[in-house]
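Dumped start_37.txt below, it's compact mmCIF, C-alpha atoms:
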```txt
# COMPACT_ATOMS: atom_id res chain seq x y z
CA MET A 11 0.78 4.67 32.41
CA GLU A 12 0.42 3.95 28.70
CA THR A 13 -1.91 1.01 28.10
CA CYS A 14 -1.27 -1.92 25.78
CA SER A 15 -4.14 -0.80 23.52
CA ALA A 16 -2.61 2.66 23.24
CA ARG A 17 0.72 1.19 22.22
CA LEU A 18 -1.00 -1.01 19.65
CA LEU A 19 -2.82 2.02 18.27
CA GLY A 20 0.56 3.70 17.89
CA LEU A 21 1.85 0.73 15.90
CA LEU A 22 -1.19 0.78 13.64
CA ILE A 23 -0.75 4.48 12.99
CA LEU A 24 2.94 3.95 12.19
CA PHE A 25 2.13 1.30 9.57
CA GLY A 26 -0.87 3.03 8.04
CA LEU A 27 -3.48 0.67 9.47
CA PHE A 28 -5.17 3.40 11.50
CA VAL A 29 -5.16 6.78 9.86
CA ALA A 30 -7.72 9.10 8.37
CA PRO A 31 -9.32 7.72 5.19
CA ALA A 32 -6.76 7.79 2.38
CA TYR A 33 -8.37 9.30 -0.70
CA ALA A 34 -6.82 10.86 -3.77
CA ALA A 35 -7.38 14.60 -3.92
CA THR A 36 -9.61 14.24 -7.00
CA GLU A 37 -11.15 10.95 -5.92
CA VAL A 38 -14.79 11.34 -4.88
CA VAL A 39 -15.64 8.64 -2.36
CA THR A 40 -19.32 8.45 -1.48
CA VAL A 41 -20.71 6.65 1.56
CA THR A 42 -24.45 5.98 1.53
CA ALA A 43 -26.83 3.83 3.59
CA LYS A 44 -30.26 2.58 2.56
CA VAL A 45 -32.81 0.13 3.90
CA GLY A 46 -31.54 -3.32 3.02
CA ALA A 47 -34.80 -4.40 1.40
CA ASP A 48 -34.37 -1.57 -1.13
CA ALA A 49 -31.15 -3.25 -2.24
CA VAL A 50 -32.85 -6.53 -3.22
CA PRO A 51 -32.16 -7.24 -6.94
CA GLY A 52 -34.99 -5.94 -9.10
CA GLY A 53 -36.23 -3.64 -6.35
CA GLN A 54 -38.82 -6.20 -5.25
CA SER A 55 -40.34 -5.65 -1.84
CA GLY A 56 -40.79 -8.52 0.54
CA GLY A 57 -37.42 -9.99 -0.32
CA THR A 58 -34.60 -10.77 2.07
CA ALA A 59 -33.14 -7.52 3.32
CA ILE A 60 -29.42 -7.07 2.81
CA THR A 61 -27.44 -5.94 5.82
CA GLY A 62 -23.79 -5.16 5.42
CA THR A 63 -21.25 -3.00 3.63
CA ARG A 64 -20.58 -2.96 -0.12
CA PHE A 65 -17.45 -1.49 -1.74
CA PHE A 66 -17.11 -0.32 -5.35
CA GLY A 67 -13.91 0.98 -6.91
CA ALA A 68 -11.06 0.85 -9.39
CA ALA A 69 -7.67 -0.83 -9.05
CA TYR A 70 -5.82 -2.39 -12.02
CA PRO A 71 -6.85 -5.00 -14.62
CA GLY A 72 -6.67 -8.47 -13.04
CA ALA A 73 -5.59 -7.10 -9.66
CA THR A 74 -6.35 -9.01 -6.47
CA VAL A 75 -8.18 -6.69 -4.09
CA THR A 76 -8.19 -7.62 -0.40
CA LEU A 77 -10.56 -6.29 2.26
CA LEU A 78 -9.59 -6.39 5.94
CA LYS A 79 -12.01 -5.64 8.75
CA ASN A 80 -10.47 -4.49 12.02
CA THR A 81 -7.12 -5.79 10.62
CA ILE A 82 -8.59 -9.29 9.93
CA GLU A 83 -8.75 -10.41 6.29
CA ARG A 84 -12.39 -10.85 5.22
CA ILE A 85 -12.72 -10.93 1.43
CA THR A 86 -10.63 -11.02 -1.74
CA THR A 87 -11.83 -10.41 -5.28
CA ILE A 88 -10.32 -9.99 -8.76
CA ALA A 89 -10.71 -6.71 -10.65
CA ASP A 90 -12.11 -6.99 -14.18
CA ALA A 91 -10.37 -6.11 -17.45
CA ASN A 92 -11.11 -2.41 -16.82
CA GLY A 93 -9.68 -2.58 -13.31
CA LEU A 94 -13.10 -2.31 -11.62
CA PHE A 95 -14.12 -4.33 -8.56
CA SER A 96 -16.94 -4.70 -6.04
CA MET A 97 -17.33 -6.73 -2.85
CA ILE A 98 -19.75 -6.96 0.04
CA ASP A 99 -19.21 -7.74 3.71
CA ASN A 100 -22.54 -9.03 5.05
CA GLN A 101 -21.30 -9.48 8.61
CA LEU A 102 -22.73 -6.69 10.72
CA ASP A 103 -20.63 -4.73 13.19
CA ALA A 104 -21.91 -1.43 14.54
CA THR A 105 -18.51 0.14 13.95
CA ALA A 106 -15.74 -1.26 11.82
CA PHE A 107 -12.37 -0.18 10.48
CA TYR A 108 -11.98 -1.38 6.89
CA THR A 109 -8.65 -1.59 5.11
CA LEU A 110 -8.27 -2.27 1.39
CA TYR A 111 -5.23 -2.91 -0.75
CA ALA A 112 -4.65 -4.25 -4.27
CA VAL A 113 -1.93 -6.49 -5.67
CA ASP A 114 -1.19 -6.03 -9.37
CA ALA A 115 -0.51 -8.72 -11.99
CA LYS A 116 3.22 -8.68 -11.17
CA GLY A 117 2.68 -9.10 -7.42
CA GLU A 118 3.36 -5.50 -6.40
CA ARG A 119 1.07 -4.15 -3.69
CA SER A 120 -0.66 -0.78 -3.70
CA ILE A 121 -0.79 1.68 -0.87
CA ILE A 122 -3.37 0.96 1.84
CA LEU A 123 -6.75 2.72 1.90
CA ASN A 124 -8.63 2.98 5.21
CA TYR A 125 -12.36 3.54 5.84
CA PRO A 126 -13.80 3.74 9.37
CA LEU A 127 -17.55 3.09 9.06
CA VAL A 128 -20.70 2.83 11.14
CA ALA A 129 -23.36 0.29 10.05
CA HIS A 130 -26.90 -0.53 11.25
CA GLN A 131 -29.07 -3.64 11.18
CA GLY A 132 -31.34 -3.67 8.13
CA TYR A 133 -29.27 -1.14 6.22
CA LEU A 134 -26.84 -1.59 3.36
CA THR A 135 -23.89 0.81 3.57
CA GLU A 136 -22.23 1.48 0.22
CA VAL A 137 -18.76 2.95 -0.32
CA SER A 138 -18.26 3.96 -3.95
CA GLY A 139 -15.67 5.91 -5.89
CA ILE A 140 -12.67 4.08 -4.40
CA GLN A 141 -9.55 4.46 -6.55
CA PHE A 142 -6.14 2.99 -5.85
CA PRO A 143 -3.14 5.01 -7.04
CA PRO A 144 -0.76 3.18 -9.40
CA THR A 145 1.79 0.64 -8.19
CA ILE A 146 5.47 1.27 -8.81
CA THR A 147 8.77 -0.65 -8.99
CA LEU A 148 12.34 0.33 -9.85
CA ASP A 149 14.90 -1.90 -11.53
CA LYS A 150 17.76 -0.43 -9.43
CA LEU A 151 18.20 0.90 -5.92
CA GLU A 152 21.53 2.50 -6.82
CA VAL A 153 22.23 3.95 -10.26
CA ARG A 154 25.68 4.75 -11.60
CA GLU A 155 25.92 8.46 -12.39
CA GLY A 156 24.75 9.09 -15.97
CA ASP A 157 23.12 5.66 -16.36
CA PHE A 158 19.49 4.59 -16.81
CA LEU A 159 16.64 3.82 -14.38
CA THR A 160 13.51 1.89 -15.34
CA VAL A 161 10.26 2.74 -13.55
CA ALA A 162 7.30 0.39 -14.04
CA GLY A 163 4.00 -0.62 -12.49
CA PHE A 164 0.26 -0.94 -13.06
CA ALA A 165 -2.58 1.58 -13.27
CA LEU A 166 -6.01 1.84 -14.84
CA PRO A 167 -5.94 1.20 -18.61
CA ARG A 168 -4.88 4.00 -20.96
CA ARG A 169 -4.42 6.62 -18.27
CA LEU A 170 -1.89 9.44 -18.25
CA LEU A 171 0.53 9.11 -15.32
CA THR A 172 3.09 11.41 -13.74
CA ILE A 173 6.42 9.99 -12.54
CA SER A 174 7.80 12.38 -9.93
CA PHE A 175 11.42 12.61 -8.77
CA SER A 176 12.51 14.62 -5.74
CA GLY A 177 15.95 15.05 -4.21
CA PRO A 178 18.95 17.10 -5.35
CA LEU A 179 16.95 17.57 -8.56
CA HIS A 180 13.13 17.74 -8.87
CA ARG A 181 11.60 16.56 -12.12
CA ASN A 182 8.33 15.10 -13.48
CA TYR A 183 7.81 12.80 -16.48
CA SER A 184 4.61 11.66 -18.20
CA VAL A 185 3.75 8.18 -19.42
CA GLN A 186 0.52 6.47 -20.49
CA SER A 187 -0.52 3.04 -19.27
CA GLU A 188 -1.32 0.31 -21.78
CA SER A 189 -4.70 -1.42 -22.22
CA SER A 190 -3.42 -4.05 -19.75
CA GLY A 191 -2.82 -1.29 -17.21
CA GLN A 192 0.95 -1.79 -17.30
CA TYR A 193 3.28 1.16 -17.74
CA ARG A 194 7.06 1.29 -18.13
CA MET A 195 9.54 4.11 -18.63
CA THR A 196 13.34 3.94 -18.92
CA LEU A 197 14.92 7.27 -18.07
CA PRO A 198 18.47 8.51 -18.74
CA LEU A 199 19.72 10.19 -15.58
CA ILE A 200 22.49 12.02 -17.39
CA ASP A 201 22.06 15.42 -15.74
CA PHE A 202 21.01 14.12 -12.31
CA PRO A 203 23.64 14.91 -9.64
CA ARG A 204 24.67 12.27 -7.12
CA GLY A 205 22.56 11.82 -4.02
CA ALA A 206 19.41 10.21 -2.63
CA TYR A 207 16.15 10.54 -4.57
CA MET A 208 12.52 9.67 -3.97
CA VAL A 209 10.29 8.57 -6.85
CA SER A 210 6.54 7.95 -7.03
CA SER A 211 3.78 7.55 -9.60
CA SER A 212 0.35 9.18 -9.71
CA TYR A 213 -2.52 9.86 -12.07
CA GLY A 214 -2.11 13.18 -13.83
CA GLY A 215 -3.45 16.03 -11.71
CA GLU A 216 -3.88 13.97 -8.53
CA THR A 217 -1.84 14.40 -5.37
CA GLN A 218 -2.34 10.93 -3.88
CA GLY A 219 0.37 8.76 -5.38
CA SER A 220 1.91 5.33 -5.24
CA LYS A 221 4.26 4.09 -2.59
CA VAL A 222 7.42 6.18 -2.55
CA TYR A 223 10.66 4.43 -3.47
CA GLN A 224 14.14 5.68 -2.64
CA PHE A 225 17.15 5.20 -4.86
CA THR A 226 20.65 6.63 -4.93
CA ILE A 227 22.78 7.96 -7.76
CA GLY A 228 26.37 6.96 -7.03
CA THR A 229 29.31 5.10 -8.50
CA ALA A 230 27.77 1.69 -9.27
CA ASN A 231 24.56 0.01 -10.40
CA VAL A 232 22.84 -2.09 -7.73
CA SER A 233 19.85 -4.03 -9.01
CA GLN A 234 16.66 -4.55 -7.07
CA GLY A 235 17.48 -8.27 -6.78
CA GLU A 236 20.90 -7.62 -5.26
CA ALA A 237 19.47 -5.11 -2.81
CA LEU A 238 16.82 -7.56 -1.57
CA GLN A 239 19.44 -9.85 -0.04
CA ASN A 240 19.84 -9.54 3.73
CA ILE A 241 17.32 -6.72 4.13
CA PRO A 242 17.03 -5.35 7.67
CA GLY A 243 13.52 -6.19 8.86
CA ASP A 244 13.17 -9.35 6.74
CA VAL A 245 12.88 -11.50 9.85
CA ASN A 246 11.46 -14.56 8.05
CA PHE A 247 14.05 -14.34 5.24
CA ASP A 248 11.62 -14.42 2.32
CA GLY A 249 13.15 -11.48 0.45
CA SER A 250 10.39 -9.02 1.42
CA VAL A 251 9.63 -6.78 4.37
CA ASN A 252 5.87 -6.88 4.82
CA LEU A 253 2.98 -7.56 7.21
CA VAL A 254 4.37 -10.99 8.10
CA ASP A 255 7.57 -9.40 9.42
CA PHE A 256 5.55 -6.68 11.14
CA SER A 257 3.43 -9.31 12.90
CA ILE A 258 6.52 -11.14 14.16
CA ILE A 259 8.18 -7.97 15.43
CA ALA A 260 4.90 -6.69 16.93
CA PHE A 261 4.62 -9.95 18.90
CA TRP A 262 7.95 -9.20 20.58
CA TYR A 263 7.19 -5.50 21.09
CA GLU A 264 8.47 -4.49 24.58
CA LYS A 265 8.84 -8.15 25.64
CA LYS A 266 11.93 -9.39 27.47
CA ASN A 267 14.76 -11.30 25.78
CA PRO A 268 13.67 -10.91 22.14
CA PRO A 269 15.41 -13.04 19.49
CA VAL A 270 18.34 -11.36 17.78
CA VAL A 271 16.57 -11.42 14.41
CA VAL A 272 13.77 -9.09 15.62
CA ASP A 273 16.10 -6.73 17.50
CA LEU A 274 16.92 -4.72 14.39
CA ASN A 275 19.17 -2.13 16.03
CA GLY A 276 20.86 -4.55 18.44
CA ASP A 277 19.91 -2.80 21.68
CA LYS A 278 18.42 -5.99 23.22
CA LYS A 279 14.83 -4.73 23.09
CA VAL A 280 12.07 -4.30 20.52
CA ASP A 281 10.58 -0.82 20.49
CA LEU A 282 9.66 2.00 18.11
CA ALA A 283 13.27 2.27 16.94
CA ASP A 284 13.05 -1.26 15.49
CA LEU A 285 9.67 -0.52 13.93
CA SER A 286 11.10 2.61 12.31
CA ILE A 287 13.83 0.47 10.72
CA LEU A 288 11.17 -1.98 9.53
CA ALA A 289 9.14 0.85 8.00
CA TYR A 290 12.19 2.26 6.19
CA TYR A 291 12.92 -1.09 4.48
CA TRP A 292 9.24 -1.92 3.82
CA THR A 293 8.85 -3.52 0.37
CA ASN A 294 5.22 -4.66 0.06
```
Will you turn the file into structure tokens for me?
Amino acid sequence: METCSARLLGLLILFGLFVAPAYAATEVVTVTAKVGADAVPGGQSGGTAITGTRFFGAAYPGATVTLLKNTIERITTIADANGLFSMIDNQLDATAFYTLYAVDAKGERSIILNYPLVAHQGYLTEVSGIQFPPTITLDKLEVREGDFLTVAGFALPRRLLTISFSGPLHRNYSVQSESSGQYRMTLPLIDFPRGAYMVSSSYGGETQGSKVYQFTIGTANVSQGEALQNIPGDVNFDGSVNLVDFSIIAFWYEKKNPPVVVDLNGDKKVDLADLSILAYYWTN
């Protein structure tokens, strides 16, 4: 019989909270451990040894970076004007599953990065070289055939980005981020045939990209704001489908008599089918 912990593991895998470490193909993440006393400022011996885990990386200028430990929020910090951040968790656990994400200056969240680590008393474990892919937003979720689509988001300052489209037509565009990290591109979709498309943003030459957004080319323009009304999976009606909604639905997972609002496919139970719907409409 499948245990409750096994089912929970399945949910974490589905929502990216328990997967192999998510690194960009050209990102070099280094994990090192040294005696905590060696990490005392100035290299002075006899000081108080540091035990814990320190994270160094790059997000976006002014981004809020959040660190979760075993799915519990531990630390938040603000990236500097160059998008760089560092944070330390000085609470020792022999094994821990760390999750990091960044929220840009416009409130858009990055993809999730996961790092399962082993730590030891008296040692400082350092994880360096972390790099979040860019964030991305679209101004429309349906575009009238031949009209324009605006793609925007945040990245590291003055970096060349690739905007990738896939669907009935595959095409890449290049854009450079500003000193603030913001980028924006308005594209004429004149020769794009009707159909469903996926779009994402990445640093030039890297395979790990932003969250993937879907939009449709059809007969009318539907703005992002219009599409965010009555979203399936928005069980707390705040206009977003996120971890709050996931937590509510996960609470009712395989329990009897769930509320109608969490039974997303109307089959009078909450199971993986409902979580799949939630994942499809995930916004941040």
Residues near Ala104 (chain A), cut-off 8 Å, only C-alpha atoms, skip fewer than 6 positions along chain, as number ranges by chain: A: 128-130
Gln234 (chain A) surroundings by only C-alpha atoms, 6 Å radius, close-in-sequence under 5 positions cut, as a list in words: Asp149, Lys150 and Leu151 of chain A
Exercise: residues within 7 Å of coordinate (-3.0, -8.3, -8.8), counting only C-alpha atoms, as a ChimeraX atom specification: /A:72-74,112-117
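Residue nearest Ser189 (chain A) within the list A:Leu77, A:Leu102, A:Ala91, A:Ile259: A:Ala91 [criterion: smallest interatomic distance, only C-alpha atoms].
Proximity ranking of A:Asn231, A:Ser176, A:Ser286, A:Asn182 relative to Ala206 (chain A) places A:Ser176 first, based on only C-alpha atoms.
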Separation of CA of Leu159 (chain A) from CA of Ser190 (chain A), in Å and rounded to one decimal: 22.2 Å
I'd like the neighbourhood of Val254 (chain A) as a PDB file with C-alpha atoms, in the frame of the given file, where a residue qualifies if any of its atoms comes within 12 Å (using all atoms listed in the file), though same-chain residues fewer than 2 positions away should be ignored.
```pdb
ATOM      1  CA  GLY A 243      13.520  -6.190   8.860  1.00  0.00           C
ATOM      2  CA  ASP A 244      13.170  -9.350   6.740  1.00  0.00           C
ATOM      3  CA  VAL A 245      12.880 -11.500   9.850  1.00  0.00           C
ATOM      4  CA  ASN A 246      11.460 -14.560   8.050  1.00  0.00           C
ATOM      5  CA  PHE A 247      14.050 -14.340   5.240  1.00  0.00           C
ATOM      6  CA  ASP A 248      11.620 -14.420   2.320  1.00  0.00           C
ATOM      7  CA  GLY A 249      13.150 -11.480   0.450  1.00  0.00           C
ATOM      8  CA  SER A 250      10.390  -9.020   1.420  1.00  0.00           C
ATOM      9  CA  VAL A 251       9.630  -6.780   4.370  1.00  0.00           C
ATOM     10  CA  ASN A 252       5.870  -6.880   4.820  1.00  0.00           C
ATOM     11  CA  PHE A 256       5.550  -6.680  11.140  1.00  0.00           C
ATOM     12  CA  SER A 257       3.430  -9.310  12.900  1.00  0.00           C
ATOM     13  CA  ILE A 258       6.520 -11.140  14.160  1.00  0.00           C
ATOM     14  CA  ILE A 259       8.180  -7.970  15.430  1.00  0.00           C
ATOM     15  CA  ALA A 260       4.900  -6.690  16.930  1.00  0.00           C
ATOM     16  CA  PHE A 261       4.620  -9.950  18.900  1.00  0.00           C
ATOM     17  CA  LEU A 288      11.170  -1.980   9.530  1.00  0.00           C
ATOM     18  CA  TRP A 292       9.240  -1.920   3.820  1.00  0.00           C
ATOM     19  CA  THR A 293       8.850  -3.520   0.370  1.00  0.00           C
ATOM     20  CA  ASN A 294       5.220  -4.660   0.060  1.00  0.00           C
TER      21      ASN A 294
END
```
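Comparing A:Tyr213, A:Tyr207, A:Tyr108, A:Phe202 by their smallest distance to Val185 (chain A), the closest is A:Tyr213 (using only C-alpha atoms).
Take the candidates A:Ser187, A:Ser220, A:Asn100, A:Gln192 and check each one against Thr61 (chain A) using all atoms listed in the file; the shortest distance goes to A:Asn100.
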